[in-house]
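First up is the structure itself, then whatever we jot down about it.
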Amino acid sequence: MSTTSREIHLVKRPEGLPTLDDFAMVETQVADPGEGEVLVRNLYMSVDPAMRPRMSVGQELNEAMGGGALGRVEKSRNPAFREGDLVTNRFGFREVFTSEGRGLQVLHPEPGLPLTVHMGPLGGTGFTAYGGLLHIGQLKDGEQVYVSTAAGAVGSMAAQIAKIHGCYVVGSTGSDEKVRWLEEEAGLDKGINYKTAPIRQTLKAATPKGIDVYFDNVGGDHLDAALASMNSLGRVAVCGMISGYNEAGSRTAVRNLSNIIYGRINLRGFVAPDFMHLYDQFKSDMAGWLKDGRVKYQETIYDGIGNAPAAMVGLMQGANNGKMLVKLAD
Ligand SMILES: NC(=O)c1ccc[n+]([C@@H]2O[C@H](COP(=O)([O-])OP(=O)(O)OC[C@H]3O[C@@H](n4cnc5c(N)ncnc54)[C@H](OP(=O)(O)O)[C@@H]3O)[C@@H](O)[C@H]2O)c1
């Protein structure tokens with residue numbers, strides 16, 4: 001027996017912004033699981049900016065792309081998994097797969113919250129924001145905070161966690177509608193649209209008391225602008241640099257790096273495994289904040305595997321509000 005599946009292959013390396021013809025959808029037959037294996041049907045897959053650099057280097061051509069997903073075990077010949085178990089996995093961009101179980105983690109959904117929160121605020125996205133801000137950024141209550149891509153998946157969490165800590169929070173994003181959400185729904189002190197005015201000027205005006213912590217998702221001109229406004233002993237938690245992902249490097253040179261010298265600024269990159277010791281505390285804090293409404297979240301969900309390339313292209317153009325997901329099955 002076998003199960004029909006569809007998967008998304010990268011067939012061409014993008015030049016600049018990815019386009020739909022960089023991808024192809026391929027139908028495959030997935031054999032029934034052998035001894036020690038499980039067969040998983042993915043329900044949702046994540047679409048992440050980090051996939052874009054891998055499309056230039058790392059991702060093999062004419063093979064299924066990889067990425068985070070949440071699936072359900074349909075057949076199991078592995079005692080660690082039961083049929084019906086929900087499992088997080090790294091086999092996104094495909095509907096069905098078999099596995100010996102390595103890297104699959106059984107998910108116990110948080111009662112009272114939708115399943116998709118585990119792909120966003122209560123998953124790796126939220127944890128990246130939590131640890132990046134509190135552990136890497138060493139946030140203190142009441143500080144001055146700037147978050148870029150603040151209406152995105154990670155940024156919207158970082159910005160609201162900073163608000164919970166009593167901070168003055170400025171967030172930048174790419175549309176007036178997103179600015180409105182930041183100010184009116186997420187409760188930020190100021191949202192700025194980096195597409196309608198130079199970020200350096202608007203950020204300076206929005207941060208009259210300077211910046212103690214910059215949560216950087218963009219790099220390039222946003223990092224440059226933040227460095228010009230950092231307070232002494234400020235921290236820059238470098239989470240991502242999306243402004244350079246479609247290029248061989250960053251679009252804009254960072255000219256204000258020398259400000260880190262006399263400002264004694266700590267600029268530190270990170271990945272989520274750096275602060276796994278915070279994971280249990282994060283789960284408990286975030287589940288509470290989501291349930292009591294202190295943290296709001298948005299998600300943009302494309303329907304069906306055939307729309308995964310459009311979701312990837314859209315993500316790089318700001319088509320998402322909050323977490324970008326593709327729904328693959330009910
Ligand atoms: N270090 C880690 O462990 C880790 C983990 C997850 C994510 N990240 C990084 O965190 C950042 C955000 O990721 P995410 O998953 O939360 O994605 P996201 O913010 O939900 O989506 C990406 C957003 O980036 C913005 N954008 C696209 N091109 C841009 C440009 N040239 N300049 C400024 N903004 C641009 C768009 O929003 P606008 O409408 O605002 O332009 C788009 O919606 C990325 O840099 C990612 O690589 C790091």
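Lettering and numbering for the structure tokens are positional, with chains as A, B, ... in the shown order, residues counted from 1 in each chain, and ligands counted from 1 in the shown order.
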Discussion item. Taking only C-alpha atoms and all ligand atoms into account, which residues have an atom no farther than 6 Å from ligand 1? I'd like them as number ranges by chain.
Written reply: A: 48-50, 125, 128, 149, 152-155, 173-175, 217-218, 239-243, 270-272, 315-320, 322-323
_strand (DSSP E or B) residues, from DSSP on the backbone, in range 91-310 of chain A, as a VMD selection string_ = chain A and resid 91 94 96 to 99 105 to 106 144 to 147 152 168 to 173 190 to 193 211 to 216 230 to 238 266 to 269 299 to 303
Can I get the selected residues back with C-alpha atoms, as a compact mmCIF listing (two decimals), in the first residue's frame?
```
# COMPACT_ATOMS: atom_id res chain seq x y z
CA PHE A 91 9.15 17.93 7.03
CA ARG A 94 4.91 18.05 1.80
CA VAL A 96 2.63 13.05 3.83
CA PHE A 97 5.93 11.49 4.90
CA THR A 98 7.36 8.48 6.73
CA SER A 99 9.93 8.74 9.47
CA GLN A 105 7.91 15.54 18.94
CA VAL A 106 4.51 14.62 20.24
CA GLN A 144 12.90 52.11 25.98
CA VAL A 145 12.44 49.40 23.34
CA TYR A 146 12.42 49.31 19.55
CA VAL A 147 11.28 46.22 17.58
CA GLY A 152 5.26 39.98 12.06
CA TYR A 168 7.92 52.23 26.13
CA VAL A 169 7.75 50.32 22.86
CA VAL A 170 8.14 51.51 19.28
CA GLY A 171 7.56 49.09 16.42
CA SER A 172 8.29 49.53 12.73
CA THR A 173 6.45 47.79 9.92
CA LYS A 190 4.16 54.13 18.61
CA GLY A 191 4.10 52.35 15.27
CA ILE A 192 6.09 53.62 12.30
CA ASN A 193 5.76 52.76 8.62
CA ILE A 211 16.64 53.10 22.85
CA ASP A 212 17.83 50.71 25.57
CA VAL A 213 16.97 47.49 23.73
CA TYR A 214 16.64 47.04 19.98
CA PHE A 215 15.15 43.69 18.89
CA ASP A 216 16.48 43.53 15.33
CA MET A 230 20.94 53.72 21.25
CA ASN A 231 21.44 54.75 24.87
CA SER A 232 24.64 53.96 26.76
CA LEU A 233 24.88 50.30 27.79
CA GLY A 234 22.08 49.49 25.31
CA ARG A 235 21.60 46.00 23.93
CA VAL A 236 20.86 44.95 20.37
CA ALA A 237 19.39 41.44 20.21
CA VAL A 238 20.04 40.44 16.59
CA ASN A 266 26.21 44.99 23.38
CA LEU A 267 25.20 43.66 19.96
CA ARG A 268 24.54 39.93 20.06
CA GLY A 269 23.07 37.45 17.63
CA GLU A 299 -1.96 34.67 11.51
CA THR A 300 -2.18 34.57 7.74
CA ILE A 301 -3.12 31.11 6.54
CA TYR A 302 -2.88 30.11 2.87
CA ASP A 303 -4.90 27.07 1.91
```
Fewer than 4 positions away in the same chain doesn't count, so skip those; otherwise give me all residues within 8 Å of range 21-36 of chain A, counting only C-alpha atoms, as a PyMOL selection string.
chain A and resi 1-14+75-79+96-100+306+309
Selected residues, C-alpha atoms, written as a compact mmCIF listing (two decimals), in the first residue's frame, please.
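Output saved as out-v7.txt:
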```
# COMPACT_ATOMS: atom_id res chain seq x y z
CA MET A 1 0.00 0.00 0.00
CA SER A 2 1.06 3.57 -0.53
CA THR A 3 -0.38 7.03 0.06
CA THR A 4 -0.42 9.78 -2.54
CA SER A 5 1.31 12.96 -1.44
CA ARG A 6 2.30 16.26 -2.99
CA GLU A 7 5.43 18.21 -2.20
CA ILE A 8 7.03 21.50 -3.21
CA HIS A 9 10.46 21.37 -4.86
CA LEU A 10 12.84 24.23 -5.46
CA VAL A 11 13.60 24.02 -9.18
CA LYS A 12 15.50 27.28 -9.68
CA ARG A 13 17.60 29.47 -7.42
CA PRO A 14 15.87 32.85 -7.07
CA LYS A 75 -0.03 4.84 10.76
CA SER A 76 2.48 3.77 13.37
CA ARG A 77 4.90 0.87 13.62
CA ASN A 78 6.96 2.73 16.21
CA PRO A 79 6.01 2.21 19.88
CA VAL A 96 2.63 13.05 3.83
CA PHE A 97 5.93 11.49 4.90
CA THR A 98 7.36 8.48 6.73
CA SER A 99 9.93 8.74 9.47
CA GLU A 100 11.75 6.62 12.03
CA GLY A 306 -0.21 24.38 -3.98
CA PRO A 309 5.14 28.99 -2.99
```
### Message
Quick check for you: according to DSSP on this backbone, which residues of range 137-177 of chain A are classed as alpha helix (DSSP H)? Reply as a list of chain:residue names.
### Response
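Going through range 137-177 of chain A, the alpha helix (DSSP H) residues come out as A:Ala153, A:Val154, A:Gly155, A:Ser156, A:Met157, A:Ala158, A:Ala159, A:Gln160, A:Ile161, A:Ala162, A:Lys163, A:Ile164, A:Asp176, A:Glu177.
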Query - Counting only C-alpha atoms, the option among A:Ala287, A:Arg264, A:Ala197, A:Ser156 closest to Trp181 in chain A - result: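 For Trp181 in chain A, the nearest of the candidates is A:Ser156.
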Practice prompt. Using only C-alpha atoms, pick whichever of A:Gly142, A:Gly123, A:Gly244, A:Pro18 has the shortest atom-to-atom distance to Asp280 in chain A.
Written response: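 Checking each candidate against Asp280 in chain A, we get A:Gly123 as the closest.
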